[in-house]
file final-v7.cif (mmCIF, C-alpha atoms)
data_target
loop_
_atom_site.label_atom_id
_atom_site.label_comp_id
_atom_site.auth_asym_id
_atom_site.auth_seq_id
_atom_site.Cartn_x
_atom_site.Cartn_y
_atom_site.Cartn_z
CA MET A 151 -3.77 -3.94 22.45
CA SER A 152 -4.72 -6.36 25.23
CA SER A 153 -3.58 -9.93 25.91
CA LYS A 154 -7.09 -11.08 24.99
CA ASP A 155 -6.64 -9.51 21.53
CA TRP A 156 -3.43 -11.48 21.05
CA LEU A 157 -5.15 -14.73 21.94
CA GLU A 158 -8.13 -14.19 19.66
CA LYS A 159 -6.32 -12.84 16.58
CA ASP A 160 -4.15 -15.00 14.34
CA PHE A 161 -1.76 -12.40 12.94
CA TYR A 162 -0.01 -14.96 10.74
CA ALA A 163 -3.31 -15.77 9.02
CA VAL A 164 -4.09 -12.07 8.60
CA LEU A 165 -0.84 -11.58 6.65
CA GLY A 166 -1.15 -14.97 4.90
CA VAL A 167 2.22 -16.28 6.10
CA SER A 168 3.29 -19.34 8.07
CA LYS A 169 4.37 -19.22 11.72
CA SER A 170 7.93 -19.94 10.62
CA ALA A 171 7.99 -17.06 8.12
CA SER A 172 11.14 -14.94 8.07
CA ALA A 173 11.16 -11.21 8.75
CA ASP A 174 11.60 -10.54 5.02
CA GLU A 175 8.62 -12.78 4.14
CA ILE A 176 6.47 -10.96 6.69
CA LYS A 177 7.54 -7.56 5.36
CA LYS A 178 6.90 -8.62 1.75
CA ALA A 179 3.41 -9.92 2.60
CA TYR A 180 2.56 -6.75 4.51
CA ARG A 181 3.68 -4.42 1.75
CA ALA A 182 1.67 -6.29 -0.88
CA LEU A 183 -1.49 -6.22 1.26
CA ALA A 184 -0.96 -2.60 2.32
CA ARG A 185 -0.73 -1.49 -1.31
CA GLU A 186 -3.84 -3.49 -2.22
CA LEU A 187 -5.96 -2.34 0.73
CA HIS A 188 -4.75 1.25 1.22
CA PRO A 189 -7.74 3.62 1.79
CA ASP A 190 -6.60 5.88 -1.04
CA HIS A 191 -6.98 2.97 -3.46
CA ASN A 192 -10.33 1.86 -2.00
CA PRO A 193 -12.36 5.01 -1.32
CA GLY A 194 -15.60 4.29 0.52
CA ASN A 195 -14.80 0.57 0.90
CA ALA A 196 -15.33 -0.11 4.62
CA ALA A 197 -14.33 -3.78 4.33
CA ALA A 198 -11.01 -2.88 2.72
CA GLU A 199 -10.39 -0.25 5.40
CA ASP A 200 -11.04 -2.79 8.18
CA ARG A 201 -8.67 -5.30 6.55
CA PHE A 202 -6.07 -2.57 6.11
CA LYS A 203 -6.19 -1.84 9.84
CA ALA A 204 -6.02 -5.55 10.70
CA VAL A 205 -3.01 -6.01 8.42
CA SER A 206 -1.25 -3.01 10.00
CA GLU A 207 -2.00 -4.34 13.48
CA ALA A 208 -0.62 -7.77 12.60
CA TYR A 209 2.53 -6.33 11.05
CA ASP A 210 3.13 -4.10 14.07
CA VAL A 211 3.42 -7.22 16.24
CA LEU A 212 5.13 -9.67 13.89
CA SER A 213 7.73 -7.18 12.61
CA ASP A 214 8.98 -6.57 16.15
CA ASP A 215 11.14 -9.49 17.34
CA THR A 216 10.29 -8.93 21.02
CA LYS A 217 6.54 -8.59 20.44
CA ARG A 218 6.51 -11.57 18.10
CA LYS A 219 8.25 -13.74 20.69
CA GLU A 220 5.79 -12.72 23.40
CA TYR A 221 2.85 -13.27 21.03
CA ASP A 222 4.03 -16.78 20.11
CA GLU A 223 4.70 -17.68 23.75
CA LEU A 224 1.32 -16.37 24.89
CA ARG A 225 -0.64 -18.34 22.28
CA SER A 226 1.46 -21.43 22.93
CA LEU A 227 0.94 -21.20 26.70
CA PHE A 228 -2.79 -20.47 26.77
CA GLY A 229 -3.99 -21.52 23.30
CA SER A 230 -5.66 -19.30 20.72
CA GLY A 231 -9.15 -18.16 21.73
CA ALA A 232 -8.79 -19.75 25.18
CA PHE A 233 -10.33 -16.78 26.96
CA ARG A 234 -13.30 -15.97 24.76
CA GLY A 235 -16.82 -15.97 26.08
CA GLY A 236 -18.07 -19.40 27.05
CA GLY A 237 -14.75 -20.31 28.67
CA PRO A 238 -14.17 -21.18 32.29
CA GLY A 239 -16.62 -18.60 33.58
CA PRO A 240 -17.25 -14.86 33.89
CA ARG A 241 -14.04 -14.32 35.85
CA SER A 242 -11.74 -15.71 33.18
CA GLN A 243 -11.21 -12.57 31.13
CA GLN A 244 -10.80 -10.36 34.17
CA ASP A 245 -8.30 -12.61 35.94
CA PHE A 246 -6.32 -13.36 32.78
CA GLY A 247 -5.34 -9.70 32.41
CA ASN A 248 -3.90 -9.80 35.93
CA TYR A 249 -2.02 -13.07 35.39
CA THR A 250 -0.22 -11.95 32.26
CA GLY A 251 0.67 -8.54 33.61
CA GLY A 252 -0.37 -7.00 30.28
CA ALA A 253 1.66 -9.07 27.83
CA GLY A 254 1.61 -7.31 24.51
CA ALA A 255 1.73 -3.89 26.09
CA GLY A 256 5.20 -4.37 27.49
CA GLY A 257 4.33 -6.62 30.45
CA GLY A 258 5.80 -9.96 29.39
CA PHE A 259 5.70 -13.13 31.49
CA GLY A 260 8.16 -12.29 34.25
CA ASP A 261 5.54 -11.92 36.99
CA LEU A 262 3.06 -14.48 35.68
CA PHE A 263 3.22 -16.88 38.62
CA GLY A 264 3.79 -14.13 41.19
CA ASN A 265 0.45 -12.63 40.14
CA LEU A 266 -1.21 -16.03 40.08
CA PHE A 267 -0.58 -16.43 43.80
CA GLY A 268 -1.80 -12.99 44.73
CA GLY A 269 1.51 -11.10 45.00
CA GLY A 270 1.97 -8.83 42.01
CA ALA A 271 -1.69 -8.04 41.36
CA ALA A 272 -2.31 -6.90 44.91
CA ARG A 273 0.57 -4.44 44.81
CA ARG A 274 -0.59 -2.94 41.52
CA ARG A 275 -4.26 -2.64 42.39
CA THR A 276 -3.85 -0.80 45.67
CA GLY A 277 -1.59 2.00 44.38
CA PRO A 278 -1.91 4.54 41.57
CA ALA A 279 -2.75 2.98 38.21
CA ARG A 280 -1.14 4.20 35.00
CA GLY A 281 -3.57 5.34 32.32
CA ARG A 282 -4.10 3.31 29.19
CA ASP A 283 -2.18 3.98 26.01
CA VAL A 284 -4.17 5.52 23.16
CA GLU A 285 -3.65 5.04 19.43
CA ALA A 286 -4.71 7.58 16.82
CA GLU A 287 -4.29 7.73 13.06
CA LEU A 288 -2.99 10.77 11.18
CA MET A 289 -3.12 11.09 7.40
CA LEU A 290 -0.27 13.11 5.85
CA ASP A 291 0.51 14.33 2.39
CA PHE A 292 3.80 13.15 0.90
CA ASP A 293 5.68 16.42 1.44
CA SER A 294 4.68 16.70 5.14
CA ALA A 295 5.94 13.17 5.75
CA ALA A 296 9.20 13.77 3.87
CA LEU A 297 10.00 17.27 5.14
CA GLY A 298 8.33 17.20 8.56
CA ALA A 299 5.45 19.32 9.84
CA THR A 300 3.48 20.30 12.93
CA LEU A 301 -0.18 19.37 12.56
CA PRO A 302 -3.25 19.47 14.83
CA LEU A 303 -4.73 16.15 15.97
CA THR A 304 -8.16 16.06 17.62
CA LEU A 305 -8.87 13.17 19.97
CA ARG A 306 -11.96 12.05 21.82
CA SER A 307 -10.94 10.02 24.83
CA PRO A 308 -11.76 9.55 28.51
CA GLY A 309 -10.65 12.33 30.83
CA THR A 310 -11.08 13.44 34.42
CA CYS A 311 -14.41 15.08 35.24
CA ASP A 312 -13.94 18.83 35.81
CA ILE A 313 -16.82 18.99 38.31
CA CYS A 314 -15.82 16.27 40.80
CA HIS A 315 -12.13 16.15 39.79
CA GLY A 316 -12.30 12.38 39.44
CA SER A 317 -13.84 11.50 42.80
CA GLY A 318 -17.28 10.69 41.35
CA ALA A 319 -18.98 12.61 44.17
CA LYS A 320 -20.81 15.88 43.64
CA PRO A 321 -19.31 19.01 45.21
CA GLY A 322 -19.76 19.14 48.96
CA THR A 323 -19.79 15.35 49.39
CA THR A 324 -17.10 12.68 49.61
CA PRO A 325 -17.05 8.96 48.76
CA ARG A 326 -17.28 6.56 51.68
CA THR A 327 -14.95 3.64 52.38
CA CYS A 328 -16.10 0.41 50.77
CA PRO A 329 -17.36 -1.90 53.55
CA THR A 330 -16.61 -5.04 51.53
CA CYS A 331 -12.86 -4.55 51.12
CA GLY A 332 -12.27 -2.00 53.87
CA GLY A 333 -10.82 0.48 51.41
CA ARG A 334 -8.14 -1.87 50.05
CA GLY A 335 -9.83 -2.30 46.68
CA LEU A 336 -9.10 -6.02 46.86
CA VAL A 337 -10.77 -9.07 48.33
CA THR A 338 -8.90 -12.27 49.10
CA ARG A 339 -10.29 -15.77 48.80
CA ALA A 340 -8.86 -19.22 49.39
CA GLU A 341 -7.95 -21.50 46.48
CA GLY A 342 -6.90 -24.77 48.14
CA ALA A 343 -3.47 -24.27 49.63
CA PHE A 344 -3.20 -20.77 48.17
CA SER A 345 -5.01 -17.47 48.50
CA MET A 346 -5.87 -15.22 45.59
CA SER A 347 -6.64 -11.52 45.50
CA GLU A 348 -8.95 -9.89 42.99
CA PRO A 349 -10.52 -6.46 42.61
CA CYS A 350 -13.48 -5.82 44.85
CA ARG A 351 -16.66 -6.11 42.79
CA ASP A 352 -18.60 -3.63 44.92
CA CYS A 353 -16.18 -0.72 44.50
CA GLN A 354 -14.53 -1.96 41.26
CA GLY A 355 -11.12 -1.93 42.94
CA VAL A 356 -11.21 1.77 43.88
CA GLY A 357 -11.66 1.24 47.63
CA SER A 358 -14.50 3.72 48.00
CA ILE A 359 -18.18 3.96 47.06
CA VAL A 360 -20.27 6.94 46.03
CA ASP A 361 -23.91 6.67 47.13
CA ASP A 362 -26.51 7.30 44.44
CA LYS A 363 -27.70 10.52 46.06
CA ASP A 364 -24.14 11.87 46.14
CA LYS A 365 -23.07 10.96 42.59
CA CYS A 366 -21.74 13.76 40.42
CA THR A 367 -24.38 14.80 37.91
CA GLU A 368 -21.79 15.46 35.22
CA CYS A 369 -20.10 12.04 35.14
CA GLY A 370 -22.73 9.90 36.89
CA GLY A 371 -20.30 8.92 39.65
CA THR A 372 -17.63 7.45 37.40
CA GLY A 373 -15.17 10.31 37.83
CA GLY A 374 -14.48 10.43 34.12
CA VAL A 375 -16.04 11.92 30.99
CA THR A 376 -15.30 11.75 27.28
CA LYS A 377 -13.45 14.85 26.22
CA ALA A 378 -12.35 16.28 22.91
CA ARG A 379 -8.84 17.66 22.91
CA THR A 380 -6.59 18.98 20.18
CA LEU A 381 -2.86 18.37 20.23
CA ASN A 382 -0.21 19.87 18.00
CA VAL A 383 1.83 16.88 16.84
CA ARG A 384 5.32 17.50 15.51
CA ILE A 385 6.00 15.13 12.65
CA PRO A 386 9.73 14.55 12.18
CA ALA A 387 11.13 14.64 8.66
CA GLY A 388 11.26 11.27 6.93
CA VAL A 389 8.41 9.41 8.63
CA ALA A 390 7.11 6.51 6.57
CA ASP A 391 3.66 5.08 5.99
CA GLY A 392 2.77 2.72 8.84
CA GLN A 393 5.27 4.21 11.29
CA LYS A 394 4.17 5.06 14.84
CA ILE A 395 5.15 8.16 16.78
CA ARG A 396 5.05 7.93 20.56
CA LEU A 397 3.95 10.96 22.58
CA LYS A 398 4.81 10.24 26.19
CA GLU A 399 2.01 10.71 28.75
CA ARG A 400 -0.49 12.10 26.22
CA GLY A 401 -2.81 9.11 26.47
CA GLU A 402 -5.62 8.44 28.97
CA PRO A 403 -5.21 9.90 32.47
CA GLY A 404 -4.16 7.56 35.26
CA GLU A 405 -6.33 6.41 38.15
CA ARG A 406 -5.84 7.52 41.74
CA GLY A 407 -3.03 9.88 40.80
CA GLY A 408 -1.30 7.51 38.40
CA ALA A 409 0.70 8.72 35.41
CA PRO A 410 -1.12 9.15 32.09
CA GLY A 411 -0.63 6.58 29.36
CA ASP A 412 1.14 7.30 26.10
CA LEU A 413 -0.31 8.34 22.75
CA TYR A 414 0.81 6.40 19.69
CA VAL A 415 0.14 8.21 16.41
CA LEU A 416 -0.05 5.85 13.43
CA ILE A 417 1.14 7.65 10.29
CA ARG A 418 -0.57 7.17 6.95
CA VAL A 419 0.96 8.84 3.90
CA ARG A 420 -0.94 9.67 0.72
CA PRO A 421 0.79 8.61 -2.51
CA HIS A 422 2.41 11.40 -4.54
CA GLU A 423 1.61 12.02 -8.20
CA VAL A 424 5.29 12.25 -9.18
CA PHE A 425 7.51 10.91 -6.41
CA GLY A 426 7.79 7.41 -5.03
CA ARG A 427 9.82 6.28 -2.06
CA MET A 428 12.08 3.35 -1.18
CA GLY A 429 13.53 3.72 2.30
CA ASP A 430 15.27 7.10 2.36
CA ASP A 431 15.58 7.30 -1.43
CA LEU A 432 13.15 9.25 -3.61
CA LEU A 433 12.01 7.61 -6.84
CA LEU A 434 11.21 9.57 -9.99
CA THR A 435 10.37 8.37 -13.51
CA VAL A 436 11.23 10.83 -16.31
CA PRO A 437 9.89 10.36 -19.87
CA VAL A 438 12.25 11.30 -22.70
CA THR A 439 11.93 11.23 -26.47
CA PHE A 440 13.81 8.76 -28.64
CA PRO A 441 16.11 11.48 -30.06
CA GLU A 442 16.91 12.67 -26.51
CA ALA A 443 17.86 9.14 -25.49
CA VAL A 444 20.02 8.69 -28.61
CA LEU A 445 21.72 12.10 -28.67
CA GLY A 446 21.74 12.88 -24.96
CA THR A 447 20.36 15.97 -23.25
CA GLU A 448 20.05 17.83 -19.97
CA LEU A 449 16.89 17.39 -17.91
CA ARG A 450 15.51 19.61 -15.17
CA VAL A 451 13.80 17.40 -12.60
CA PRO A 452 12.03 18.23 -9.30
CA THR A 453 13.37 17.54 -5.82
CA LEU A 454 11.68 17.98 -2.45
CA GLU A 455 13.13 21.45 -2.10
CA GLY A 456 13.28 22.68 -5.70
CA GLY A 457 14.90 21.23 -8.80
CA VAL A 458 18.16 19.80 -10.08
CA THR A 459 19.71 19.34 -13.54
CA VAL A 460 20.45 15.78 -14.64
CA ARG A 461 22.67 15.11 -17.65
CA LEU A 462 21.45 12.30 -19.88
CA ALA A 463 24.33 10.68 -21.77
CA SER A 464 23.90 9.80 -25.44
CA GLY A 465 22.72 6.26 -26.04
CA THR A 466 20.89 5.97 -22.71
CA ARG A 467 18.56 2.97 -22.66
CA SER A 468 15.00 3.04 -21.42
CA GLY A 469 14.86 1.79 -17.82
CA ARG A 470 18.28 3.08 -16.80
CA THR A 471 18.35 4.72 -13.36
CA LEU A 472 20.47 7.78 -12.61
CA ARG A 473 21.45 8.56 -9.01
CA VAL A 474 21.49 12.11 -7.67
CA ARG A 475 23.17 11.90 -4.28
CA GLY A 476 21.82 13.71 -1.24
CA LYS A 477 18.48 14.74 -2.79
CA GLY A 478 16.33 12.14 -1.05
CA ILE A 479 14.72 11.94 2.39
CA ARG A 480 16.51 13.73 5.22
CA ARG A 481 17.69 11.46 8.05
CA LYS A 482 17.93 12.15 11.80
CA ASP A 483 21.71 12.55 11.62
CA GLY A 484 21.42 15.30 8.99
CA SER A 485 22.40 13.14 6.01
CA ALA A 486 19.94 12.33 3.24
CA GLY A 487 19.06 9.55 0.86
CA ASP A 488 19.37 9.85 -2.91
CA LEU A 489 17.09 10.79 -5.78
CA LEU A 490 16.81 7.86 -8.20
CA VAL A 491 15.77 9.02 -11.66
CA THR A 492 14.56 6.25 -13.97
CA ILE A 493 14.57 7.05 -17.69
CA GLU A 494 11.58 5.95 -19.73
CA VAL A 495 11.67 6.41 -23.51
CA ASP A 496 8.29 7.73 -24.59
CA VAL A 497 7.19 6.04 -27.83
CA PRO A 498 4.50 8.11 -29.62
CA LYS A 499 1.35 6.25 -30.63
CA ASP A 500 0.90 8.27 -33.82
CA ALA A 501 3.88 9.57 -35.81
CA SER A 502 3.56 12.10 -38.61
CA GLU A 503 4.57 11.21 -42.16
CA GLU A 504 7.61 13.45 -41.86
CA ALA A 505 8.65 11.71 -38.64
CA ARG A 506 8.21 8.28 -40.23
CA LYS A 507 10.46 9.26 -43.15
CA ALA A 508 13.09 10.54 -40.75
CA LEU A 509 12.92 7.29 -38.76
CA ALA A 510 13.22 5.24 -41.94
CA GLU A 511 16.35 7.15 -42.89
CA PHE A 512 17.67 6.66 -39.34
CA ALA A 513 16.98 2.91 -39.52
CA ALA A 514 18.77 2.65 -42.87
CA ALA A 515 21.82 4.40 -41.43
CA THR A 516 21.88 2.38 -38.22
CA PRO A 517 23.12 -1.21 -37.80
CA SER A 518 20.40 -3.70 -36.92
CA ALA A 519 20.13 -4.89 -33.34
CA ASP A 520 22.20 -7.98 -32.61
CA ARG A 521 19.65 -10.79 -32.26
CA SER A 522 21.98 -13.61 -33.34
CA LYS A 523 21.65 -15.48 -30.03
CA LEU A 524 17.88 -15.31 -30.21
CA ASP A 525 17.85 -16.48 -33.83
CA ALA A 526 20.11 -19.41 -32.95
CA GLU A 527 17.84 -20.40 -30.09
CA VAL A 528 14.80 -20.32 -32.38
CA ARG A 529 16.53 -22.60 -34.89
CA ARG A 530 17.63 -25.00 -32.16
CA ARG A 531 14.12 -25.32 -30.77
CA GLU A 532 12.55 -25.70 -34.21
CA ARG A 533 14.89 -28.62 -34.98
CA SER A 534 14.15 -30.42 -31.70
#
call {"tool": "encode", "arguments": {"input": "final-v7.cif", "output": "structure tokens"}}
result
Amino acid sequence: MSSKDWLEKDFYAVLGVSKSASADEIKKAYRALARELHPDHNPGNAAAEDRFKAVSEAYDVLSDDTKRKEYDELRSLFGSGAFRGGGPGPRSQQDFGNYTGGAGAGGGFGDLFGNLFGGGAARRRTGPARGRDVEAELMLDFDSAALGATLPLTLRSPGTCDICHGSGAKPGTTPRTCPTCGGRGLVTRAEGAFSMSEPCRDCQGVGSIVDDKDKCTECGGTGGVTKARTLNVRIPAGVADGQKIRLKERGEPGERGGAPGDLYVLIRVRPHEVFGRMGDDLLLTVPVTFPEAVLGTELRVPTLEGGVTVRLASGTRSGRTLRVRGKGIRRKDGSAGDLLVTIEVDVPKDASEEARKALAEFAAATPSADRSKLDAEVRRRERS
């Protein structure tokens, strides 16, 4: 995500929270919107999918204290939307990226004024340039996310041309030195008492030019082509919906021998028909009959790796949650969360005549529920 994106997007408005919202308020707003807009709940709804991505993007920034601080400082310093089209001129967007040093992608503001006066930008432009980071989205089923898996991920992204090996010149020819910048890739101009350096517009900061007759026919002289590549991504056990996995140096290739960028895989997890999840704990709702709740019983319930027997004590109320330790999501340190089993008494819609008679006998033999406090409150309110 670029600095320009940060200036033009109001992440607080996307999540519907104030700028002073706490981390818990931001998390609560995100979870509510994520549930509402999740693609599995809105199949074929492009608008909901776009909002879902915007909400995830906003939460990624605002949930990280460091990113949030940089985002707030950037918008406070330059103003929201300050570098959109129609601003100070065609150079504004290009120069702004140099001045901020890539705030929002880990750059920060440390070299802001050094770059402004031509120092930092010149050093970066003339040497190898690191490739851009790439973000991809991977949809997982619940078990793959909980237990871990290795899955193929196909990407289409820029890569180095195999014919010219990135030079942009067809085999047998070589690029010539740019006469405008003398091969530096930068031109310097005076700005009052200061001088400023910017990428050469004739060679686009590369330092060399490929003549039209010598351009590689495969890439058209750019040195790069769009390639499809398939990676095997190892998903660690316990990843959660919305989490990002970083694959170092699997992003776009660098320029002029620079290191590749990183690949960030955004994880999306499909809901499970039976299990839910809260942190590292698994959630499970088990229906029981009224006699089972009254008399008690043993229940065989599923876990991620099989099943386990849960003993239901007599007189268990509907809504009670039983904890089975160590049967939840596996953590990095080898420990695991718990399985939380919530009991739900299943009340039949239609009872047979025999069942009704049995219930009537049960009711006659059972003390009535204590509603004395409720009755007293009714009388008090009726008198007032």
call {"tool": "closest_residue", "arguments": {"input": "final-v7.cif", "among": "A:Ala296, A:Cys311, A:Asp520, A:Gly373", "to": "A:Gly429", "atoms": "all atoms listed in the file"}}
result
A:Ala296
call {"tool": "atom_distance", "arguments": {"input": "final-v7.cif", "atom1": "atom CA of A:Ala286", "atom2": "atom CA of A:Leu413"}}
result
7.4 Å
call {"tool": "closest_atom_pairs", "arguments": {"input": "final-v7.cif", "of": "stretch 289-373 of chain A", "to": "stretch 447-461 of chain A", "cutoff": "10 Å", "atoms": "all atoms listed in the file", "output": "CSV"}}
result
residue,atom,partner,partner_atom,distance
A:Phe292,CA,A:Leu454,CA,9.8
A:Asp293,CA,A:Leu454,CA,7.3
A:Ala296,CA,A:Leu454,CA,8.0
A:Leu297,CA,A:Leu454,CA,7.8
call {"tool": "write_last_selection", "arguments": {"input": "final-v7.cif", "atoms": "C-alpha atoms", "output": "PDB file, keeping the file's coordinate frame"}}
result
ATOM      1  CA  PHE A 292       3.800  13.150   0.900  1.00  0.00           C
ATOM      2  CA  ASP A 293       5.680  16.420   1.440  1.00  0.00           C
ATOM      3  CA  ALA A 296       9.200  13.770   3.870  1.00  0.00           C
ATOM      4  CA  LEU A 297      10.000  17.270   5.140  1.00  0.00           C
TER       5      LEU A 297
END
call {"tool": "resolve_selection", "arguments": {"input": "final-v7.cif", "expression": "the PyMOL selection byres ((chain A and resi 202-216) around 7)", "output": "MDAnalysis selection string"}}
result
chainID A and resid 161 164:165 173 180 184 187:188 198:201 217:220
call {"tool": "closest_residue", "arguments": {"input": "final-v7.cif", "among": "A:Met289, A:Pro349, A:Glu532, A:Asp364", "to": "A:Gly392", "atoms": "all atoms listed in the file"}}
result
A:Met289
call {"tool": "atom_distance", "arguments": {"input": "final-v7.cif", "atom1": "atom CA of A:Pro421", "atom2": "atom CA of A:Ser485"}}
result
23.7 Å
call {"tool": "resolve_selection", "arguments": {"input": "final-v7.cif", "expression": "the PyMOL selection byres ((chain A and resi 281) around 9)", "output": "PyMOL selection string"}}
result
chain A and resi 279-280+282-283+399+401-405+408-412
call {"tool": "write_last_selection", "arguments": {"input": "final-v7.cif", "atoms": "C-alpha atoms", "output": "compact mmCIF listing (two decimals), keeping the file's coordinate frame"}}
result
# COMPACT_ATOMS: atom_id res chain seq x y z
CA ALA A 279 -2.75 2.98 38.21
CA ARG A 280 -1.14 4.20 35.00
CA ARG A 282 -4.10 3.31 29.19
CA ASP A 283 -2.18 3.98 26.01
CA GLU A 399 2.01 10.71 28.75
CA GLY A 401 -2.81 9.11 26.47
CA GLU A 402 -5.62 8.44 28.97
CA PRO A 403 -5.21 9.90 32.47
CA GLY A 404 -4.16 7.56 35.26
CA GLU A 405 -6.33 6.41 38.15
CA GLY A 408 -1.30 7.51 38.40
CA ALA A 409 0.70 8.72 35.41
CA PRO A 410 -1.12 9.15 32.09
CA GLY A 411 -0.63 6.58 29.36
CA ASP A 412 1.14 7.30 26.10
call {"tool": "atom_distance", "arguments": {"input": "final-v7.cif", "atom1": "atom CA of A:Gly484", "atom2": "atom CA of A:Gly298"}}
result
13.2 Å
call {"tool": "residues_around", "arguments": {"input": "final-v7.cif", "residues": "A:Arg480", "least_positions_apart": "2", "cutoff": "9 Å", "atoms": "all atoms listed in the file", "output": "PDB file with C-alpha atoms, in the coordinates of the input"}}
result
ATOM      1  CA  ALA A 296       9.200  13.770   3.870  1.00  0.00           C
ATOM      2  CA  LEU A 297      10.000  17.270   5.140  1.00  0.00           C
ATOM      3  CA  ALA A 387      11.130  14.640   8.660  1.00  0.00           C
ATOM      4  CA  GLY A 388      11.260  11.270   6.930  1.00  0.00           C
ATOM      5  CA  ASP A 430      15.270   7.100   2.360  1.00  0.00           C
ATOM      6  CA  GLY A 476      21.820  13.710  -1.240  1.00  0.00           C
ATOM      7  CA  LYS A 477      18.480  14.740  -2.790  1.00  0.00           C
ATOM      8  CA  GLY A 478      16.330  12.140  -1.050  1.00  0.00           C
ATOM      9  CA  LYS A 482      17.930  12.150  11.800  1.00  0.00           C
ATOM     10  CA  ASP A 483      21.710  12.550  11.620  1.00  0.00           C
ATOM     11  CA  GLY A 484      21.420  15.300   8.990  1.00  0.00           C
ATOM     12  CA  SER A 485      22.400  13.140   6.010  1.00  0.00           C
ATOM     13  CA  ALA A 486      19.940  12.330   3.240  1.00  0.00           C
ATOM     14  CA  GLY A 487      19.060   9.550   0.860  1.00  0.00           C
TER      15      GLY A 487
END
call {"tool": "closest_residue", "arguments": {"input": "final-v7.cif", "among": "A:Leu445, A:Pro325, A:Val438, A:Arg334", "to": "A:Ser468", "atoms": "all atoms listed in the file"}}
result
A:Val438
call {"tool": "closest_residue", "arguments": {"input": "final-v7.cif", "among": "A:Ala179, A:Leu433, A:Ala505, A:Cys314", "to": "A:Val375", "atoms": "all atoms listed in the file"}}
result
A:Cys314
call {"tool": "residues_near_point", "arguments": {"input": "final-v7.cif", "point": "(-20.3, 11.5, 38.8)", "cutoff": "9 Å", "atoms": "only C-alpha atoms", "output": "list in words"}}
result
Cys311, Ile313, Cys314, Gly316, Ser317, Gly318, Ala319, Lys320, Val360, Asp364, Lys365, Cys366, Thr367, Glu368, Cys369, Gly370, Gly371, Thr372, Gly373, Gly374 and Val375 of chain A
call {"tool": "closest_residue", "arguments": {"input": "final-v7.cif", "among": "A:Cys353, A:Ala299, A:Asn192, A:Asp391", "to": "A:Gly426", "atoms": "all atoms listed in the file"}}
result
A:Asp391
call {"tool": "closest_residue", "arguments": {"input": "final-v7.cif", "among": "A:Glu504, A:Asp431, A:Glu175, A:Glu223", "to": "A:Asp488", "atoms": "all atoms listed in the file"}}
result
A:Asp431
call {"tool": "residues_near_point", "arguments": {"input": "final-v7.cif", "point": "(12.4, 11.2, -17.9)", "cutoff": "10 Å", "atoms": "all atoms listed in the file", "output": "ChimeraX atom specification"}}
result
/A:434-439,442-443,449-451,460,462,468-469,471,491-496
call {"tool": "residues_around", "arguments": {"input": "final-v7.cif", "residues": "A:Glu348", "least_positions_apart": "5", "cutoff": "7 Å", "atoms": "only C-alpha atoms", "output": "ChimeraX atom specification"}}
result
/A:336-338
call {"tool": "resolve_selection", "arguments": {"input": "final-v7.cif", "expression": "the PyMOL selection byres ((chain A and resi 420) around 7)", "output": "list in words"}}
result
Leu290, Asp291, Phe292, Arg418, Val419, Pro421 and His422 of chain A
call {"tool": "write_last_selection", "arguments": {"input": "final-v7.cif", "atoms": "C-alpha atoms", "output": "mmCIF file, in the frame of the given file"}}
result
data_model
loop_
_atom_site.group_PDB
_atom_site.id
_atom_site.type_symbol
_atom_site.label_atom_id
_atom_site.label_comp_id
_atom_site.auth_asym_id
_atom_site.auth_seq_id
_atom_site.Cartn_x
_atom_site.Cartn_y
_atom_site.Cartn_z
ATOM 1 C CA LEU A 290 -0.270 13.110 5.850
ATOM 2 C CA ASP A 291 0.510 14.330 2.390
ATOM 3 C CA PHE A 292 3.800 13.150 0.900
ATOM 4 C CA ARG A 418 -0.570 7.170 6.950
ATOM 5 C CA VAL A 419 0.960 8.840 3.900
ATOM 6 C CA PRO A 421 0.790 8.610 -2.510
ATOM 7 C CA HIS A 422 2.410 11.400 -4.540
#
